[in-house]
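A.B. asks: Below is a structure I'd like to ask you about.
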Amino acid sequence: MELNIIDLTKKFGKFTAVNHLNVTMTNGVYGLLGVNGAGKTTLMRMICTLLGPTSGTITCDGKDIMSMGENYRKKLGYLPQDFGFYPEFTVQDYLLYIAAIKGLRPVVAKKRVNDLISGVGLSKAANKKMRKLSGGMKRRAGIAQAMLNDPAVLVLDEPTAGLDPNERIRFRNLISELAENRLVLLSTHIVSDIEYIANEILLMREGELVHRGTAAQLIASMKESVWKCYAQKKDVSHFMKNYKISNMKSEPDGVELRIISNERPAMDAVPEEANLEDVFLYYFGEKVSDTNGAI
Amino acid sequence: MVRFEIKKIFGKRINKLVLVLLFVIVLIGSFLAIRDVRCYQEDGSVRSGVAAISQLKKLKNKWRGAVTEDVIKKVVQENQLSRDSETIKLARQQSFDDIREMINAGFSPAEGYDYYTADQISPEKAAKLYEQRIEKLKEELSAGNEEGNYTNKEKEFLIHQYESLKTPLYYEYAEGWKALLDSQYLPTLMIITIVMIGFLVSGIFSDEFQYKTDSVFFSSRLGRSRAIVSKIAAGFLAITVVYWSVMLLFSAIILCVVGFGGAGCMIQTGLGNWESFYNITYLQDWLLTMFGGYAGNLFILSFAMLISVKSRSTVLTVTVPFVLSCAPMFLGRVQILTKIMNFFPDMLLRISKFLDVLLVCEVGGNVIGVYPFLIVLYFLLSLAIIPVLYCGYRRAEVK
Ligand SMILES: Nc1ncnc2c1ncn2[C@@H]1O[C@H](COP(=O)(O)OP(=O)(O)OP(=O)(O)O)[C@@H](O)[C@H]1O
Ligand SMILES: [Mg+2]
């Protein structure tokens with residue numbers, strides 16, 4: 001199973017959402033990380049054959065996915081970012097319907113649906129109408145739907161968005177369990193999620209792939225260092241203007257700042273071990289400069 | 001898969017409401033149509049509806065049989081004999097009213113129908129009723145003042161149709177069929193039905209986008225093939241089942257109450273269709289009307305589904321059946337359009353009301369009545385829309 005993205009470009013009018021992107025993926029969990037509007041969803045839609053590329057191709061084991069049609073889609077599971085459902089269907093009906101359009105035979109479908117309903121912890125809600133489910137339960141139904149055909153390529157667009165911390169952790173575990181023996185591509189801007197489950201992280205900015213690697217590799221790739229220092233409240237705006245601030249914590253006698261910078265930002269600053277949050281900021285963060293300096 | 005599509009359609013609350021509403025409308029419509037059956041009493045009162053039916057049946061069936069020259073003479077004599085007051089006359093005339101109206105229609109001057117024609121005509125002249133029908137047509141055709149000018153071929157066709165009507169006509173009580181087919185209720189019900197079915201099918205294609213279920217749908221294995229076929233099947237199934245249920249229920253109620261009698265009478269036995277060139281019985285009239293309505297429904301609604309695919313808007317789709325079945329009525333007032341308007345699909349929804357209009361067309365060198373042509377045409381067009389629907393949806397992108 002190898003998914004090859006070759007020189008992929010998608011334009012909406014004059015706007016380029018995905019820009020000459022190249023990447024090869026095999027089995028494993030890939031975390032797609034990028035700010036809002038980076039082009040993550042657009043890329044995923046193309047991988048799911050929902051959008052045709054403006055130029056470039058995506059191949060699956062060497063064959064163009066657009067011309068593979070059904071043969072490719074039968075390997076595909078997709079949880080969209082704005083996951084929609086049929087309001088009047090019960091969870092069970094919904095899953096049986098999706099199983100049908102995924103081409104599962106009715107007998108197989110029935111068993112698979114029941115397994116997945118208990119697998120994602122929806123047993124109690126199986127006969128509830130979809131519109132009556134909570135956000136977290138809907139996402140679970142979404143995951144179950146994507147897993148129906150036991151896909152070799154599982155695409156999850158912000159699967160943990162809008163979930164409370166507890167639910168997010170449970171969801172993370174669920175995804176890790178499902179990740180064996182397939183290619184999972186998931187997007188998020190919650191760094192801790194990706195750190196926890198992804199084997200490999202793809203950093204995307206303005207439609208381009210700016211970096212890829214494991215969390216450790218990405219951290220190592222940082223050319224600036226991370227510093228911790230304390231400052232008075234009145235000095236914070238000065239720091240924000242001149243440095244990338246990765247974290248800020250109020251202390252009784254001032255503010256603790258986590259700063260990414262080449263040189264030591266202050267006399268009392270001490271070097272810190274970098275983490276993935278810092279990497280995110282290093283690649284995507286901007287100095288606040290003149291927009292607003294106040295907290 | 002079709003099962004789920006059907007479930008999607010009838011799960012929507014608005015669609016459940018539509019079904020209930022349609023059922024109530026059928027009941028009201030048939031009640032009104034039955035109530036229009038009237039029987040005038042000699043004391044001046046009027047019985048209507050169920051109370052009138054058996055009395056009227058008895059009266060009218062006195063004249064059951066072939067309407068020969070002798071019968072016509074007898075009707076004229078009896079009609080002119082009664083020198084009673086208007087109310088009593090009205091009551092007595094009822095038994096031969098249909099035949100009296102045939103005479104009125106036949107001998108009224110070209111300028112227009114005159115209700116009192118039968119009161120003044122001589123029995124001998126009236127006896128030539130059937131010849132007069134053909135003569136009158138010939139006169140009108142040569143005067144060239146009939147709406148739309150006919151080619152010679154068309155004139156020949158019309159005259160031939162008139163001449164091949166087998167006379168004398170057989171007559172019997174047929175109020176059930178007349179209440180069903182010669183009233184305004186049926187075309188109105190057809191329009192209401194098509195608008196209501198419009199609600200049912202409007203969401204089949206566009207709801208996937210509105211619910212944002214399109215991503216999962218189109219990325220599924222059969223989402224760009226069999227799943228679309230099952231959507232189309234569900235649409236046609238809904239149209240077919242609902243249309244025929246409504247029409248059969250409406251027909252059954254009226255015919256059961258007012259009577260099935262007269263199914264074999266020619267439609268010319270009465271005022272409504274005396275001038276019709278369709279030599280068919282009431283039963284055939286019913287079949288023609290029903291299948292015409294079905295073809296109209298199929299075409300207009302599959303066109304609506306096409307709009308649903310292209311526009312991705314359920315709301316816009318709902319308006320399509322309304323526009324296509326009602327707008328031509330208003331457009332019809334524009335003179336230059338009238339000829340073309342006769343070929344619009346909305347004509348199929350009012351066949352029984354317009355059977356007496358001399359609408360013909362020439363197809364492959366043969367002149368035929370417009371309705372059989374339209375039925376075949378729009379049935380084929382509906383079939384032709386299917387692949388367009390399929391391909392349009394298959395290529396949809398999720399943006
Ligand atoms: N159908 C469209 N028409 C025009 N522009 C679009 C369309 N879809 C996306 N875009 C633009 O393409 C860019 C990338 O959008 P995309 O949804 O892929 O970003 P994303 O990385 O998924 O963002 P988010 O984290 O907010 O989900 C955005 O600037 C967006 O405005
Ligand atoms: Mg997105």
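Ordering of the structure tokens sets the chain letters (A, B, ...); residue numbers start at 1 within each chain; ligands are numbered from 1 in the order shown.
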Only residues of chain A matter here; which ones have an atom within 7 Å of chain B, counting only C-alpha atoms? Give them as a list in words.

C.D. replies: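 Taking only C-alpha atoms into account, Cys48, Thr49, Leu50, Leu51, Glu70, Arg73, Lys74, Tyr78, Pro80, Phe83, Gly84, Phe85, Tyr86, Glu88, Tyr97, Ala100, Ile101, Lys102 and Gly103 of chain A sit within 7 Å of chain B.
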
A.B. asks: Please, which residues in chain A fall within 12 Å of ligand 2 when counting only C-alpha atoms and all ligand atoms, and what is the closest atom pair and distance in Å to one decimal for each, ordered by chain then residue number, as JSON lines?

C.D. replies:
{"residue": "A:Ala17", "atom": "CA", "partner": "ligand 2", "partner_atom_place_in_ligand_line": "1 (Mg)", "distance": 11.2}
{"residue": "A:Leu32", "atom": "CA", "partner": "ligand 2", "partner_atom_place_in_ligand_line": "1 (Mg)", "distance": 10.3}
{"residue": "A:Leu33", "atom": "CA", "partner": "ligand 2", "partner_atom_place_in_ligand_line": "1 (Mg)", "distance": 10.3}
{"residue": "A:Gly34", "atom": "CA", "partner": "ligand 2", "partner_atom_place_in_ligand_line": "1 (Mg)", "distance": 9.3}
{"residue": "A:Val35", "atom": "CA", "partner": "ligand 2", "partner_atom_place_in_ligand_line": "1 (Mg)", "distance": 9.1}
{"residue": "A:Asn36", "atom": "CA", "partner": "ligand 2", "partner_atom_place_in_ligand_line": "1 (Mg)", "distance": 6.9}
{"residue": "A:Gly37", "atom": "CA", "partner": "ligand 2", "partner_atom_place_in_ligand_line": "1 (Mg)", "distance": 6.9}
{"residue": "A:Ala38", "atom": "CA", "partner": "ligand 2", "partner_atom_place_in_ligand_line": "1 (Mg)", "distance": 8.0}
{"residue": "A:Gly39", "atom": "CA", "partner": "ligand 2", "partner_atom_place_in_ligand_line": "1 (Mg)", "distance": 6.9}
{"residue": "A:Lys40", "atom": "CA", "partner": "ligand 2", "partner_atom_place_in_ligand_line": "1 (Mg)", "distance": 5.4}
{"residue": "A:Thr41", "atom": "CA", "partner": "ligand 2", "partner_atom_place_in_ligand_line": "1 (Mg)", "distance": 4.0}
{"residue": "A:Thr42", "atom": "CA", "partner": "ligand 2", "partner_atom_place_in_ligand_line": "1 (Mg)", "distance": 7.2}
{"residue": "A:Leu43", "atom": "CA", "partner": "ligand 2", "partner_atom_place_in_ligand_line": "1 (Mg)", "distance": 9.1}
{"residue": "A:Met44", "atom": "CA", "partner": "ligand 2", "partner_atom_place_in_ligand_line": "1 (Mg)", "distance": 8.6}
{"residue": "A:Arg45", "atom": "CA", "partner": "ligand 2", "partner_atom_place_in_ligand_line": "1 (Mg)", "distance": 9.7}
{"residue": "A:Leu79", "atom": "CA", "partner": "ligand 2", "partner_atom_place_in_ligand_line": "1 (Mg)", "distance": 11.5}
{"residue": "A:Pro80", "atom": "CA", "partner": "ligand 2", "partner_atom_place_in_ligand_line": "1 (Mg)", "distance": 8.6}
{"residue": "A:Gln81", "atom": "CA", "partner": "ligand 2", "partner_atom_place_in_ligand_line": "1 (Mg)", "distance": 6.1}
{"residue": "A:Asp82", "atom": "CA", "partner": "ligand 2", "partner_atom_place_in_ligand_line": "1 (Mg)", "distance": 8.6}
{"residue": "A:Phe83", "atom": "CA", "partner": "ligand 2", "partner_atom_place_in_ligand_line": "1 (Mg)", "distance": 11.5}
{"residue": "A:Leu156", "atom": "CA", "partner": "ligand 2", "partner_atom_place_in_ligand_line": "1 (Mg)", "distance": 10.3}
{"residue": "A:Asp157", "atom": "CA", "partner": "ligand 2", "partner_atom_place_in_ligand_line": "1 (Mg)", "distance": 6.6}
{"residue": "A:Glu158", "atom": "CA", "partner": "ligand 2", "partner_atom_place_in_ligand_line": "1 (Mg)", "distance": 7.2}
{"residue": "A:Pro159", "atom": "CA", "partner": "ligand 2", "partner_atom_place_in_ligand_line": "1 (Mg)", "distance": 10.6}
{"residue": "A:Ala161", "atom": "CA", "partner": "ligand 2", "partner_atom_place_in_ligand_line": "1 (Mg)", "distance": 10.4}
{"residue": "A:Leu186", "atom": "CA", "partner": "ligand 2", "partner_atom_place_in_ligand_line": "1 (Mg)", "distance": 10.6}
{"residue": "A:Ser187", "atom": "CA", "partner": "ligand 2", "partner_atom_place_in_ligand_line": "1 (Mg)", "distance": 7.7}
{"residue": "A:Thr188", "atom": "CA", "partner": "ligand 2", "partner_atom_place_in_ligand_line": "1 (Mg)", "distance": 8.2}
{"residue": "A:His189", "atom": "CA", "partner": "ligand 2", "partner_atom_place_in_ligand_line": "1 (Mg)", "distance": 9.5}
{"residue": "A:Met204", "atom": "CA", "partner": "ligand 2", "partner_atom_place_in_ligand_line": "1 (Mg)", "distance": 11.7}
{"residue": "A:Gly207", "atom": "CA", "partner": "ligand 2", "partner_atom_place_in_ligand_line": "1 (Mg)", "distance": 11.9}

A.B. asks: What's the 10 Å shell around stretch 275-277 of chain B, counting only C-alpha atoms, without same-chain residues fewer than 3 positions away, as a PyMOL selection string?

C.D. replies: chain B and resi 102+105-106+133-134+136-137+157-165+267-268+270-272+280+354-360+369

A.B. asks: Of the residues A:Lys233, A:Arg258, A:Lys75, A:Lys10, which is the one nearest to ligand 1, using only C-alpha atoms and all ligand atoms?

C.D. replies: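 Between A:Lys233, A:Arg258, A:Lys75, A:Lys10, the residue approaching ligand 1 most closely is A:Lys10.
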
A.B. asks: With only C-alpha atoms as the counted atoms, please give the residues lying no more than 6 Å from A:Cys60, apart from itself and same-chain residues fewer than 3 positions off, as a list of chain:residue names.

C.D. replies: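 Selected residues are A:Glu2, A:Leu3, A:Lys63.
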
A.B. asks: For B:Phe373, which residue out of B:Gly292, B:Gln80, B:Thr317, B:Pro387 is the nearest one, using only C-alpha atoms?

C.D. replies: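 Closest residue, counting only C-alpha atoms: B:Gly292.
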
A.B. asks: As an MDAnalysis selection string, please: the residues near A:Val226 (cut-off 7 Å, only C-alpha atoms, same-chain neighbours under 3 positions excluded).

C.D. replies: chainID A and resid 258:261 271:274

A.B. asks: Okay, now the selection with all heavy atoms, as a PDB file, in the first residue's frame?

C.D. replies:
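Ended up saving to again.pdb:
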ATOM      1  N   ARG A 258       8.034  31.627  27.387  1.00  0.00           N
ATOM      2  CA  ARG A 258       8.793  30.604  26.663  1.00  0.00           C
ATOM      3  C   ARG A 258       9.053  31.199  25.290  1.00  0.00           C
ATOM      4  O   ARG A 258       8.116  31.466  24.518  1.00  0.00           O
ATOM      5  CB  ARG A 258       7.941  29.338  26.592  1.00  0.00           C
ATOM      6  CG  ARG A 258       8.689  28.099  26.202  1.00  0.00           C
ATOM      7  CD  ARG A 258       7.752  26.899  26.299  1.00  0.00           C
ATOM      8  NE  ARG A 258       8.340  25.769  25.589  1.00  0.00           N
ATOM      9  CZ  ARG A 258       9.156  24.885  26.170  1.00  0.00           C
ATOM     10  NH1 ARG A 258       9.438  24.988  27.434  1.00  0.00           N
ATOM     11  NH2 ARG A 258       9.675  23.899  25.456  1.00  0.00           N
ATOM     12  N   ILE A 259      10.282  31.398  24.961  1.00  0.00           N
ATOM     13  CA  ILE A 259      10.627  32.201  23.784  1.00  0.00           C
ATOM     14  C   ILE A 259      11.472  31.386  22.807  1.00  0.00           C
ATOM     15  O   ILE A 259      12.352  30.614  23.213  1.00  0.00           O
ATOM     16  CB  ILE A 259      11.407  33.458  24.225  1.00  0.00           C
ATOM     17  CG1 ILE A 259      10.474  34.366  25.037  1.00  0.00           C
ATOM     18  CG2 ILE A 259      11.968  34.211  23.026  1.00  0.00           C
ATOM     19  CD1 ILE A 259      11.165  35.546  25.657  1.00  0.00           C
ATOM     20  N   ILE A 260      11.175  31.548  21.518  1.00  0.00           N
ATOM     21  CA  ILE A 260      11.998  30.878  20.503  1.00  0.00           C
ATOM     22  C   ILE A 260      12.877  31.952  19.860  1.00  0.00           C
ATOM     23  O   ILE A 260      12.363  32.930  19.299  1.00  0.00           O
ATOM     24  CB  ILE A 260      11.116  30.205  19.449  1.00  0.00           C
ATOM     25  CG1 ILE A 260      10.210  29.180  20.136  1.00  0.00           C
ATOM     26  CG2 ILE A 260      11.967  29.543  18.384  1.00  0.00           C
ATOM     27  CD1 ILE A 260       9.115  28.667  19.266  1.00  0.00           C
ATOM     28  N   SER A 261      14.136  31.747  19.951  1.00  0.00           N
ATOM     29  CA  SER A 261      15.027  32.806  19.471  1.00  0.00           C
ATOM     30  C   SER A 261      16.435  32.264  19.280  1.00  0.00           C
ATOM     31  O   SER A 261      16.843  31.302  19.933  1.00  0.00           O
ATOM     32  CB  SER A 261      15.052  33.946  20.499  1.00  0.00           C
ATOM     33  OG  SER A 261      16.155  34.780  20.241  1.00  0.00           O
ATOM     34  N   PRO A 271      18.184  28.143  28.713  1.00  0.00           N
ATOM     35  CA  PRO A 271      17.798  27.283  27.585  1.00  0.00           C
ATOM     36  C   PRO A 271      16.853  26.164  28.038  1.00  0.00           C
ATOM     37  O   PRO A 271      16.957  25.694  29.167  1.00  0.00           O
ATOM     38  CB  PRO A 271      19.123  26.696  27.108  1.00  0.00           C
ATOM     39  CG  PRO A 271      20.195  27.252  27.960  1.00  0.00           C
ATOM     40  CD  PRO A 271      19.603  28.038  29.061  1.00  0.00           C
ATOM     41  N   GLU A 272      15.931  25.790  27.165  1.00  0.00           N
ATOM     42  CA  GLU A 272      14.940  24.753  27.485  1.00  0.00           C
ATOM     43  C   GLU A 272      14.960  23.690  26.411  1.00  0.00           C
ATOM     44  O   GLU A 272      15.332  23.943  25.257  1.00  0.00           O
ATOM     45  CB  GLU A 272      13.524  25.360  27.510  1.00  0.00           C
ATOM     46  CG  GLU A 272      13.171  26.101  28.777  1.00  0.00           C
ATOM     47  CD  GLU A 272      12.658  25.170  29.859  1.00  0.00           C
ATOM     48  OE1 GLU A 272      11.657  24.471  29.604  1.00  0.00           O
ATOM     49  OE2 GLU A 272      13.273  25.133  30.945  1.00  0.00           O
ATOM     50  N   GLU A 273      14.513  22.504  26.759  1.00  0.00           N
ATOM     51  CA  GLU A 273      14.316  21.414  25.792  1.00  0.00           C
ATOM     52  C   GLU A 273      13.145  21.789  24.878  1.00  0.00           C
ATOM     53  O   GLU A 273      12.091  22.172  25.387  1.00  0.00           O
ATOM     54  CB  GLU A 273      13.978  20.143  26.569  1.00  0.00           C
ATOM     55  CG  GLU A 273      14.023  18.886  25.767  1.00  0.00           C
ATOM     56  CD  GLU A 273      15.416  18.244  25.810  1.00  0.00           C
ATOM     57  OE1 GLU A 273      16.229  18.596  26.708  1.00  0.00           O
ATOM     58  OE2 GLU A 273      15.672  17.413  24.961  1.00  0.00           O
ATOM     59  N   ALA A 274      13.299  21.698  23.562  1.00  0.00           N
ATOM     60  CA  ALA A 274      12.196  22.065  22.665  1.00  0.00           C
ATOM     61  C   ALA A 274      11.159  20.942  22.608  1.00  0.00           C
ATOM     62  O   ALA A 274      11.503  19.772  22.747  1.00  0.00           O
ATOM     63  CB  ALA A 274      12.736  22.334  21.270  1.00  0.00           C
TER      64      ALA A 274
END

A.B. asks: Among stretch 167-232 of chain B, which residues carry a DSSP assignment of alpha helix (DSSP H), reported as a ChimeraX atom specification?

C.D. replies: /B:175-181,185-210,214-218,226-232

A.B. asks: Go ahead and write the residues just picked, N, CA and C atoms, as a CSV table (one decimal), in the first residue's frame.

C.D. replies:
chain,number,residue,atom,x,y,z
B,175,GLU,N,-73.1,9.3,-15.0
B,175,GLU,CA,-72.7,10.5,-14.1
B,175,GLU,C,-71.4,10.3,-13.4
B,176,GLY,N,-71.1,9.0,-13.0
B,176,GLY,CA,-69.8,8.8,-12.3
B,176,GLY,C,-68.6,9.2,-13.1
B,177,TRP,N,-68.6,8.8,-14.4
B,177,TRP,CA,-67.5,9.2,-15.3
B,177,TRP,C,-67.5,10.7,-15.6
B,178,LYS,N,-68.7,11.2,-15.7
B,178,LYS,CA,-68.8,12.6,-16.0
B,178,LYS,C,-68.3,13.5,-14.8
B,179,ALA,N,-68.7,13.0,-13.6
B,179,ALA,CA,-68.3,13.8,-12.4
B,179,ALA,C,-66.7,13.7,-12.3
B,180,LEU,N,-66.2,12.5,-12.7
B,180,LEU,CA,-64.8,12.3,-12.5
B,180,LEU,C,-64.0,13.1,-13.6
B,181,LEU,N,-64.4,12.9,-14.9
B,181,LEU,CA,-63.6,13.4,-16.0
B,181,LEU,C,-64.0,14.7,-16.6
B,185,TYR,N,-62.2,19.4,-11.2
B,185,TYR,CA,-61.5,18.9,-10.0
B,185,TYR,C,-60.3,18.0,-10.4
B,186,LEU,N,-60.4,17.2,-11.4
B,186,LEU,CA,-59.3,16.3,-11.7
B,186,LEU,C,-58.1,17.0,-12.2
B,187,PRO,N,-58.2,18.0,-13.1
B,187,PRO,CA,-57.0,18.7,-13.4
B,187,PRO,C,-56.4,19.5,-12.2
B,188,THR,N,-57.2,20.0,-11.4
B,188,THR,CA,-56.7,20.7,-10.2
B,188,THR,C,-56.0,19.7,-9.3
B,189,LEU,N,-56.6,18.6,-9.1
B,189,LEU,CA,-56.0,17.6,-8.3
B,189,LEU,C,-54.6,17.1,-8.8
B,190,MET,N,-54.6,17.1,-10.2
B,190,MET,CA,-53.3,16.6,-10.8
B,190,MET,C,-52.2,17.7,-10.5
B,191,ILE,N,-52.6,18.9,-10.6
B,191,ILE,CA,-51.6,20.0,-10.3
B,191,ILE,C,-51.1,19.9,-8.9
B,192,ILE,N,-52.1,19.8,-8.0
B,192,ILE,CA,-51.7,19.7,-6.6
B,192,ILE,C,-50.8,18.5,-6.3
B,193,THR,N,-51.2,17.4,-6.9
B,193,THR,CA,-50.4,16.1,-6.7
B,193,THR,C,-49.0,16.3,-7.2
B,194,ILE,N,-48.8,16.9,-8.4
B,194,ILE,CA,-47.5,17.1,-8.9
B,194,ILE,C,-46.6,18.0,-8.0
B,195,VAL,N,-47.3,19.1,-7.5
B,195,VAL,CA,-46.5,20.0,-6.6
B,195,VAL,C,-46.1,19.3,-5.3
B,196,MET,N,-47.0,18.5,-4.8
B,196,MET,CA,-46.8,17.7,-3.6
B,196,MET,C,-45.7,16.7,-3.8
B,197,ILE,N,-45.8,16.0,-4.9
B,197,ILE,CA,-44.7,15.0,-5.1
B,197,ILE,C,-43.4,15.7,-5.3
B,198,GLY,N,-43.5,16.9,-5.8
B,198,GLY,CA,-42.3,17.8,-6.0
B,198,GLY,C,-41.5,17.9,-4.6
B,199,PHE,N,-42.3,18.0,-3.6
B,199,PHE,CA,-41.7,18.1,-2.2
B,199,PHE,C,-41.0,16.8,-1.9
B,200,LEU,N,-41.6,15.7,-2.3
B,200,LEU,CA,-41.0,14.4,-1.9
B,200,LEU,C,-39.7,14.2,-2.6
B,201,VAL,N,-39.6,14.5,-3.9
B,201,VAL,CA,-38.4,14.2,-4.7
B,201,VAL,C,-37.4,15.3,-4.7
B,202,SER,N,-37.8,16.4,-4.2
B,202,SER,CA,-36.9,17.6,-4.3
B,202,SER,C,-35.5,17.3,-3.6
B,203,GLY,N,-35.6,16.6,-2.5
B,203,GLY,CA,-34.4,16.5,-1.7
B,203,GLY,C,-33.5,15.3,-2.0
B,204,ILE,N,-34.0,14.4,-2.9
B,204,ILE,CA,-33.3,13.1,-3.1
B,204,ILE,C,-31.8,13.4,-3.5
B,205,PHE,N,-31.6,14.4,-4.4
B,205,PHE,CA,-30.2,14.6,-4.8
B,205,PHE,C,-29.6,15.8,-4.0
B,206,SER,N,-30.3,16.8,-3.8
B,206,SER,CA,-29.7,18.0,-3.2
B,206,SER,C,-29.5,17.9,-1.7
B,207,ASP,N,-30.2,17.1,-1.1
B,207,ASP,CA,-30.1,17.0,0.4
B,207,ASP,C,-28.7,16.5,0.8
B,208,GLU,N,-28.1,15.7,-0.1
B,208,GLU,CA,-26.7,15.2,0.3
B,208,GLU,C,-25.8,16.4,0.5
B,209,PHE,N,-26.0,17.4,-0.4
B,209,PHE,CA,-25.1,18.6,-0.2
B,209,PHE,C,-25.6,19.4,1.0
B,210,GLN,N,-26.9,19.5,1.1
B,210,GLN,CA,-27.4,20.4,2.2
B,210,GLN,C,-27.1,19.8,3.6
B,214,ASP,N,-22.4,14.7,1.5
B,214,ASP,CA,-21.9,14.4,0.2
B,214,ASP,C,-20.5,13.9,0.2
B,215,SER,N,-19.6,14.3,1.2
B,215,SER,CA,-18.2,13.8,1.3
B,215,SER,C,-18.2,12.3,1.4
B,216,VAL,N,-19.0,11.8,2.4
B,216,VAL,CA,-19.0,10.4,2.6
B,216,VAL,C,-19.6,9.7,1.5
B,217,PHE,N,-20.7,10.2,0.9
B,217,PHE,CA,-21.5,9.6,-0.1
B,217,PHE,C,-20.6,9.4,-1.4
B,218,PHE,N,-19.9,10.4,-1.8
B,218,PHE,CA,-19.2,10.3,-3.0
B,218,PHE,C,-17.8,9.7,-2.9
B,226,ARG,N,-23.8,2.8,-8.3
B,226,ARG,CA,-25.1,2.2,-8.0
B,226,ARG,C,-25.9,3.0,-7.0
B,227,ALA,N,-25.2,3.7,-6.1
B,227,ALA,CA,-26.0,4.5,-5.1
B,227,ALA,C,-26.8,5.6,-5.9
B,228,ILE,N,-26.3,6.1,-7.0
B,228,ILE,CA,-27.0,7.1,-7.8
B,228,ILE,C,-28.2,6.4,-8.5
B,229,VAL,N,-28.0,5.2,-9.0
B,229,VAL,CA,-29.1,4.5,-9.6
B,229,VAL,C,-30.2,4.3,-8.6
B,230,SER,N,-29.8,4.0,-7.4
B,230,SER,CA,-30.9,3.7,-6.4
B,230,SER,C,-31.6,5.0,-6.0
B,231,LYS,N,-30.9,6.1,-6.1
B,231,LYS,CA,-31.6,7.4,-5.9
B,231,LYS,C,-32.7,7.6,-7.0
B,232,ILE,N,-32.2,7.4,-8.2
B,232,ILE,CA,-33.1,7.6,-9.4
B,232,ILE,C,-34.3,6.7,-9.2

A.B. asks: When DSSP is applied to the backbone of this structure, which of stretch 55-224 of chain A are assigned strand (DSSP E)? Write them out as an MDAnalysis selection string.

C.D. replies: chainID A and resid 55:60 63:64 76:79 153:157 183:188 200:205 208:213

A.B. asks: Can you pull out the residues contacting B:Ile253? Cut-off 12 Å, using only C-alpha atoms, and skip same-chain residues under 2 positions away; I want them as a ChimeraX atom specification.

C.D. replies: /B:26-34,50,176-177,179-180,245-251,255-260

A.B. asks: Kindly indicate which residue among A:Gly52, A:Gly121, A:Pro252, A:Pro151 lies nearest to ligand 1, using only C-alpha atoms and all ligand atoms for the distances.

C.D. replies: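 Nearest candidate to ligand 1 out of A:Gly52, A:Gly121, A:Pro252, A:Pro151: A:Gly52.
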